[in-house]
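J.: Mind having a look at this structure? Questions to follow.
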Amino acid sequence: MGFRTGIVGLPNVGKSTLFNALTRTAAAQAANFPFCTIEPNVGEVNVPDARLDRLAEIGKSARVVPSRMTFVDIAGLVRGASKGEGLGNQFLANIRECDAIAHVLRCFEDDDVTHVEGRVDPLADAETVETELMLADLESVEKRLAGLARKLKGGDREAEAQARLLEAAKAALAAGRPARTVAVAEEDARTWRGLQLLTAKPVLYVCNVEEASAASGNAQSRAVAAMADREGAACVTISAAIEEEIAQLDAAERAEFLADLGLEEAGLDRLIAAGHRLLGLQTYFTVGPKEARAWTIPKGASAPQAAGVIHGDFERGFIRAETIAYDDFVALGGEQAAKEAGRMRSEGKSYRVADGDVMHFLFNT
């Protein structure tokens, strides 16, 4: 399991430049004019995880297979998008298909790069995008409620559950709050996700700063971080221009370049880590002579659910999971040594997988 993150924002804030850097391609055209991106560019990237390389070394694995995540570079949104201005309808349709939103905000001054509204104000930009998404959601909610009228008269329980959640979303949106502020009970989570509300999606603010501020940020990025903290959203500071440069370097050059800038890791690594935290994801591993592989699952996933990420038959026929904690696997030098030391556990269907577990599944065919 990976996750699909839509890169959104106003035109000319650095979305396509960031996409190019993240996917290490030139698939997204970056240019200084609005609506440069029309069709969404989609790119898959490896999720960097030093633990996987260490496990592969210990397991003498012939192949290393990281988990993957998908980025979608979506057309720039402008004021009035909810009413179809610019490429609004297309923007809204594309973002609806994503699991999370990486909202790129311009936090740098540059007279050579025009701003669609003639000023650099990341908080105002964030408000513009959020407002358009809320207006689109409000229109969608009202249409859905009208469409449920007949089923509600017939006492349809599923329709009643949908209507209850839609009314809660409508109240929040009418009060100027995004749908993600609505408290949703666990038993309603699936129905809530099915509503596909734009503002119900978790948000990661990406502050695009100039090169000199890549390590410590600037006043604008700090203002965004404070806003994110108030909202309970995630926030990372990145220089898209630097990330694009890093993407062209080999491993040794990359490490030296980052050190010169006072950065411990690339923006991609921080972005993915923030995304995992935002969506409540974690990683487990499978290790063998053929390959070492990372698998992404939701936190709290059961052992059968984790097995199902590999193949549905693994989940349906699940018997047990032979499990070794990452630290034990590394400290003891591999599976056999961990087993001999009594550190391999046999876990059943009720086991909740821990981040970093090294697992082998036994199942009936």
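In the structure tokens, the first chain shown is A, the next is B, and so on; residue numbers restart at 1 for each chain, and ligands run from 1 in the order shown.
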For segment 288-297 of chain A, work out the shell of residues within 10 Å, counting only C-alpha atoms and skipping chain neighbours fewer than 6 positions away, then give it as a VMD selection string.
T.: chain A and resid 1 to 3 47 to 49 51 to 69 276 280 to 282 305 to 310 334 to 335 353 355 to 356 358 360
J.: Write out as a PyMOL selection string each polymer residue whose atoms come within 8 Å of Phe361 of chain A, counting only C-alpha atoms; drop sequence neighbours fewer than 5 positions from it.
T.: chain A and resi 307+314+318-322
J.: The selected residues should be written to file as a short mmCIF file (atom, residue, chain, number, x, y, z; two decimals), in the first residue's frame (atoms: N, CA and C atoms).
T.:
```cif
data_model
loop_
_atom_site.label_atom_id
_atom_site.label_comp_id
_atom_site.auth_asym_id
_atom_site.auth_seq_id
_atom_site.Cartn_x
_atom_site.Cartn_y
_atom_site.Cartn_z
N ALA A 307 -0.59 -9.01 5.56
CA ALA A 307 -0.35 -10.08 4.58
C ALA A 307 -1.11 -9.81 3.29
N PHE A 314 -3.03 -14.38 0.79
CA PHE A 314 -2.31 -14.41 2.06
C PHE A 314 -3.24 -14.02 3.21
N PHE A 318 -4.73 -16.80 5.91
CA PHE A 318 -3.74 -16.52 6.96
C PHE A 318 -3.78 -17.55 8.08
N ILE A 319 -2.59 -18.06 8.44
CA ILE A 319 -2.45 -18.97 9.58
C ILE A 319 -1.74 -18.24 10.72
N ARG A 320 -0.52 -17.79 10.44
CA ARG A 320 0.23 -17.04 11.46
C ARG A 320 1.35 -16.26 10.76
N ALA A 321 1.97 -15.36 11.53
CA ALA A 321 3.08 -14.55 11.01
C ALA A 321 4.29 -14.74 11.90
N GLU A 322 5.39 -15.22 11.31
CA GLU A 322 6.65 -15.29 12.04
C GLU A 322 7.26 -13.90 12.01
#
```
J.: Env of Thr70 of chain A: 6 Å cut, atoms = only C-alpha atoms, seq-sep filter 3 positions within chain, self excluded. Answer as an mmCIF file with N, CA, C and O atoms, in the first residue's frame.
T.:
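around29.cif was written with the following content:
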```cif
data_model
loop_
_atom_site.group_PDB
_atom_site.id
_atom_site.type_symbol
_atom_site.label_atom_id
_atom_site.label_comp_id
_atom_site.auth_asym_id
_atom_site.auth_seq_id
_atom_site.Cartn_x
_atom_site.Cartn_y
_atom_site.Cartn_z
ATOM 1 N N ARG A 4 -1.467 8.290 -2.564
ATOM 2 C CA ARG A 4 -1.495 9.185 -3.722
ATOM 3 C C ARG A 4 -1.684 10.605 -3.198
ATOM 4 O O ARG A 4 -2.711 10.929 -2.608
ATOM 5 N N GLY A 43 3.668 10.692 -11.051
ATOM 6 C CA GLY A 43 4.974 10.059 -10.921
ATOM 7 C C GLY A 43 5.053 9.216 -9.664
ATOM 8 O O GLY A 43 4.532 9.597 -8.617
ATOM 9 N N GLU A 44 5.669 8.050 -9.778
ATOM 10 C CA GLU A 44 5.903 7.193 -8.617
ATOM 11 C C GLU A 44 7.351 7.319 -8.182
ATOM 12 O O GLU A 44 8.255 7.359 -9.012
#
```
J.: Taking the DSSP assignment computed from this structure's backbone, write out as a list in words all residues of segment 300-353 of chain A that belong to strand (DSSP E).
T.: Phe318, Ile319, Arg320, Ala321, Glu322, Thr323, Ile324, Arg345, Ser346 and Glu347 of chain A
J.: Got time to write the residues from that selection, all heavy atoms, as a CSV table (one decimal), in the first residue's frame?
T.:
```csv
chain,number,residue,atom,x,y,z
A,318,PHE,N,-4.7,-16.8,5.9
A,318,PHE,CA,-3.7,-16.5,7.0
A,318,PHE,C,-3.8,-17.6,8.1
A,318,PHE,O,-4.8,-17.9,8.6
A,318,PHE,CB,-4.0,-15.1,7.5
A,318,PHE,CG,-3.0,-14.7,8.6
A,318,PHE,CD1,-1.9,-14.1,8.3
A,318,PHE,CD2,-3.3,-15.0,10.0
A,318,PHE,CE1,-1.0,-13.7,9.3
A,318,PHE,CE2,-2.5,-14.6,11.0
A,318,PHE,CZ,-1.3,-14.0,10.7
A,319,ILE,N,-2.6,-18.1,8.4
A,319,ILE,CA,-2.5,-19.0,9.6
A,319,ILE,C,-1.7,-18.2,10.7
A,319,ILE,O,-2.3,-18.1,11.8
A,319,ILE,CB,-1.7,-20.2,9.2
A,319,ILE,CG1,-2.4,-21.0,8.1
A,319,ILE,CG2,-1.5,-21.1,10.4
A,319,ILE,CD1,-1.6,-22.2,7.5
A,320,ARG,N,-0.5,-17.8,10.4
A,320,ARG,CA,0.2,-17.0,11.5
A,320,ARG,C,1.3,-16.3,10.8
A,320,ARG,O,1.6,-16.5,9.6
A,320,ARG,CB,0.8,-18.0,12.5
A,320,ARG,CG,1.9,-18.9,12.0
A,320,ARG,CD,2.4,-19.8,13.2
A,320,ARG,NE,3.5,-20.6,12.8
A,320,ARG,CZ,3.4,-21.8,12.2
A,320,ARG,NH1,2.2,-22.3,12.0
A,320,ARG,NH2,4.5,-22.5,11.9
A,321,ALA,N,2.0,-15.4,11.5
A,321,ALA,CA,3.1,-14.6,11.0
A,321,ALA,C,4.3,-14.7,11.9
A,321,ALA,O,4.2,-14.5,13.1
A,321,ALA,CB,2.7,-13.1,11.0
A,322,GLU,N,5.4,-15.2,11.3
A,322,GLU,CA,6.6,-15.3,12.0
A,322,GLU,C,7.3,-13.9,12.0
A,322,GLU,O,7.5,-13.4,10.9
A,322,GLU,CB,7.6,-16.3,11.4
A,322,GLU,CG,7.0,-17.7,11.5
A,322,GLU,CD,7.9,-18.8,10.8
A,322,GLU,OE1,8.7,-18.3,9.9
A,322,GLU,OE2,7.8,-20.0,11.0
A,323,THR,N,7.5,-13.3,13.2
A,323,THR,CA,7.8,-11.9,13.3
A,323,THR,C,9.0,-11.6,14.1
A,323,THR,O,9.2,-12.2,15.2
A,323,THR,CB,6.6,-11.1,13.9
A,323,THR,OG1,5.4,-11.5,13.2
A,323,THR,CG2,6.8,-9.6,13.9
A,324,ILE,N,9.9,-10.8,13.6
A,324,ILE,CA,11.1,-10.3,14.3
A,324,ILE,C,11.1,-8.8,14.3
A,324,ILE,O,11.0,-8.2,13.2
A,324,ILE,CB,12.4,-10.9,13.7
A,324,ILE,CG1,12.3,-12.4,13.5
A,324,ILE,CG2,13.6,-10.4,14.5
A,324,ILE,CD1,13.4,-13.0,12.7
A,345,ARG,N,8.9,-14.3,17.0
A,345,ARG,CA,7.5,-14.6,17.6
A,345,ARG,C,6.6,-15.1,16.6
A,345,ARG,O,6.6,-14.8,15.4
A,345,ARG,CB,7.0,-13.2,18.1
A,345,ARG,CG,8.0,-12.5,19.0
A,345,ARG,CD,7.3,-11.2,19.6
A,345,ARG,NE,6.6,-10.4,18.6
A,345,ARG,CZ,7.1,-9.5,17.9
A,345,ARG,NH1,8.5,-9.2,18.0
A,345,ARG,NH2,6.4,-8.8,17.0
A,346,SER,N,5.7,-16.0,17.0
A,346,SER,CA,4.6,-16.5,16.2
A,346,SER,C,3.3,-15.7,16.5
A,346,SER,O,2.8,-15.9,17.6
A,346,SER,CB,4.4,-18.0,16.4
A,346,SER,OG,3.4,-18.5,15.6
A,347,GLU,N,2.9,-14.9,15.6
A,347,GLU,CA,1.8,-14.0,15.9
A,347,GLU,C,0.5,-14.4,15.1
A,347,GLU,O,0.6,-14.9,13.9
A,347,GLU,CB,2.1,-12.5,15.5
A,347,GLU,CG,3.3,-12.0,16.2
A,347,GLU,CD,3.1,-11.7,17.7
A,347,GLU,OE1,2.0,-12.0,18.2
A,347,GLU,OE2,4.0,-11.2,18.4
```
J.: Identify, on the basis of only C-alpha atoms, every residue whose closest approach to Glu109 of chain A does not exceed 9 Å; exclude the query and any residue fewer than 3 positions from it along the same chain; express the result as a list in words.
T.: Arg106, Val113, Val120, Val209 and Glu210 of chain A
J.: Could you go through segment 255-319 of chain A and tell me which residues DSSP, when run on the backbone, assigns to helix (DSSP H, G or I), listing them as a VMD selection string?
T.: chain A and resid 255 to 260 267 to 279 303 to 310 312 to 316
J.: Can you spit out the residues from that selection as a tab-separated table (two decimals), in the first residue's frame, using N, CA, C and O atoms?
T.:
```tsv
chain	number	residue	atom	x	y	z
A	255	ALA	N	25.23	13.95	-0.91
A	255	ALA	CA	25.56	14.08	0.51
A	255	ALA	C	26.40	15.32	0.76
A	255	ALA	O	26.18	16.05	1.74
A	256	GLU	N	27.38	15.57	-0.10
A	256	GLU	CA	28.25	16.73	0.06
A	256	GLU	C	27.46	18.03	-0.12
A	256	GLU	O	27.64	18.99	0.64
A	257	PHE	N	26.58	18.05	-1.11
A	257	PHE	CA	25.77	19.23	-1.39
A	257	PHE	C	24.86	19.56	-0.21
A	257	PHE	O	24.74	20.72	0.21
A	258	LEU	N	24.22	18.53	0.34
A	258	LEU	CA	23.33	18.74	1.49
A	258	LEU	C	24.12	19.25	2.70
A	258	LEU	O	23.66	20.14	3.41
A	259	ALA	N	25.29	18.68	2.92
A	259	ALA	CA	26.11	19.10	4.06
A	259	ALA	C	26.51	20.57	3.93
A	259	ALA	O	26.50	21.32	4.92
A	260	ASP	N	26.86	20.99	2.71
A	260	ASP	CA	27.25	22.38	2.49
A	260	ASP	C	26.10	23.34	2.81
A	260	ASP	O	26.33	24.48	3.21
A	267	GLY	N	14.75	17.14	0.84
A	267	GLY	CA	13.35	17.49	1.06
A	267	GLY	C	12.41	16.33	0.80
A	267	GLY	O	11.39	16.19	1.47
A	268	LEU	N	12.75	15.49	-0.19
A	268	LEU	CA	11.92	14.33	-0.48
A	268	LEU	C	11.75	13.46	0.74
A	268	LEU	O	10.64	13.02	1.07
A	269	ASP	N	12.85	13.19	1.44
A	269	ASP	CA	12.79	12.34	2.62
A	269	ASP	C	11.87	12.95	3.69
A	269	ASP	O	11.07	12.25	4.31
A	270	ARG	N	12.01	14.25	3.90
A	270	ARG	CA	11.18	14.92	4.90
A	270	ARG	C	9.72	14.96	4.48
A	270	ARG	O	8.81	14.82	5.29
A	271	LEU	N	9.50	15.14	3.19
A	271	LEU	CA	8.13	15.19	2.67
A	271	LEU	C	7.44	13.85	2.84
A	271	LEU	O	6.29	13.77	3.28
A	272	ILE	N	8.15	12.77	2.51
A	272	ILE	CA	7.57	11.44	2.65
A	272	ILE	C	7.31	11.10	4.12
A	272	ILE	O	6.26	10.56	4.47
A	273	ALA	N	8.27	11.44	4.98
A	273	ALA	CA	8.09	11.16	6.41
A	273	ALA	C	6.87	11.90	6.95
A	273	ALA	O	6.07	11.35	7.71
A	274	ALA	N	6.73	13.17	6.53
A	274	ALA	CA	5.57	13.95	6.97
A	274	ALA	C	4.29	13.35	6.42
A	274	ALA	O	3.26	13.30	7.11
A	275	GLY	N	4.34	12.87	5.18
A	275	GLY	CA	3.16	12.25	4.58
A	275	GLY	C	2.76	10.98	5.29
A	275	GLY	O	1.56	10.73	5.51
A	276	HIS	N	3.73	10.19	5.68
A	276	HIS	CA	3.43	8.95	6.42
A	276	HIS	C	2.77	9.28	7.75
A	276	HIS	O	1.78	8.63	8.14
A	277	ARG	N	3.31	10.27	8.44
A	277	ARG	CA	2.71	10.65	9.73
A	277	ARG	C	1.30	11.18	9.52
A	277	ARG	O	0.39	10.88	10.29
A	278	LEU	N	1.13	11.97	8.48
A	278	LEU	CA	-0.16	12.59	8.20
A	278	LEU	C	-1.25	11.55	7.96
A	278	LEU	O	-2.38	11.68	8.44
A	279	LEU	N	-0.91	10.51	7.20
A	279	LEU	CA	-1.89	9.49	6.85
A	279	LEU	C	-1.89	8.30	7.80
A	279	LEU	O	-2.65	7.35	7.61
A	303	ALA	N	-2.14	-8.49	11.44
A	303	ALA	CA	-1.23	-9.33	10.66
A	303	ALA	C	-1.88	-9.82	9.37
A	303	ALA	O	-1.24	-9.77	8.31
A	304	PRO	N	-3.14	-10.29	9.39
A	304	PRO	CA	-3.77	-10.69	8.12
A	304	PRO	C	-3.90	-9.53	7.14
A	304	PRO	O	-3.71	-9.72	5.92
A	305	GLN	N	-4.19	-8.34	7.62
A	305	GLN	CA	-4.29	-7.19	6.73
A	305	GLN	C	-2.94	-6.86	6.11
A	305	GLN	O	-2.85	-6.51	4.93
A	306	ALA	N	-1.89	-6.97	6.91
A	306	ALA	CA	-0.55	-6.74	6.38
A	306	ALA	C	-0.22	-7.78	5.32
A	306	ALA	O	0.37	-7.46	4.27
A	307	ALA	N	-0.59	-9.01	5.56
A	307	ALA	CA	-0.35	-10.08	4.58
A	307	ALA	C	-1.11	-9.81	3.29
A	307	ALA	O	-0.63	-10.09	2.19
A	308	GLY	N	-2.30	-9.24	3.41
A	308	GLY	CA	-3.13	-8.96	2.25
A	308	GLY	C	-2.54	-7.94	1.31
A	308	GLY	O	-2.91	-7.89	0.13
A	309	VAL	N	-1.61	-7.11	1.81
A	309	VAL	CA	-0.95	-6.13	0.95
A	309	VAL	C	-0.07	-6.85	-0.08
A	309	VAL	O	0.10	-6.39	-1.20
A	310	ILE	N	0.46	-8.00	0.32
A	310	ILE	CA	1.28	-8.80	-0.60
A	310	ILE	C	0.38	-9.51	-1.61
A	310	ILE	O	0.60	-9.45	-2.82
A	312	GLY	N	-4.00	-11.05	-1.83
A	312	GLY	CA	-5.26	-11.31	-1.15
A	312	GLY	C	-5.36	-12.72	-0.60
A	312	GLY	O	-5.98	-12.94	0.45
A	313	ASP	N	-4.73	-13.69	-1.27
A	313	ASP	CA	-4.76	-15.08	-0.77
A	313	ASP	C	-4.06	-15.21	0.57
A	313	ASP	O	-4.43	-16.05	1.40
A	314	PHE	N	-3.03	-14.38	0.79
A	314	PHE	CA	-2.31	-14.41	2.06
A	314	PHE	C	-3.24	-14.02	3.21
A	314	PHE	O	-3.15	-14.57	4.31
A	315	GLU	N	-4.09	-13.03	2.97
A	315	GLU	CA	-5.02	-12.58	4.02
A	315	GLU	C	-6.14	-13.60	4.22
A	315	GLU	O	-6.49	-13.94	5.36
A	316	ARG	N	-6.70	-14.10	3.12
A	316	ARG	CA	-7.82	-15.04	3.22
A	316	ARG	C	-7.41	-16.35	3.88
A	316	ARG	O	-8.18	-16.93	4.66
```
J.: Which residue is closest to Val42 of chain A? Choose from A:Tyr326, A:Phe19, A:Tyr351, A:Phe71 and count only C-alpha atoms.
T.: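 The shortest atom-to-atom distance to Val42 of chain A comes from A:Phe71.
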J.: Quote the spacing between atom CA of Arg193 of chain A and atom CA of Asp99 of chain A in Å to one decimal place.
T.: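 Computing it gives 9.9 Å between the two atoms.
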J.: Measure the distance from atom CA of Ala354 of chain A to atom CA of Pro298 of chain A in Å and round it to one decimal.
T.: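 Distance between the two atoms: 10.2 Å.
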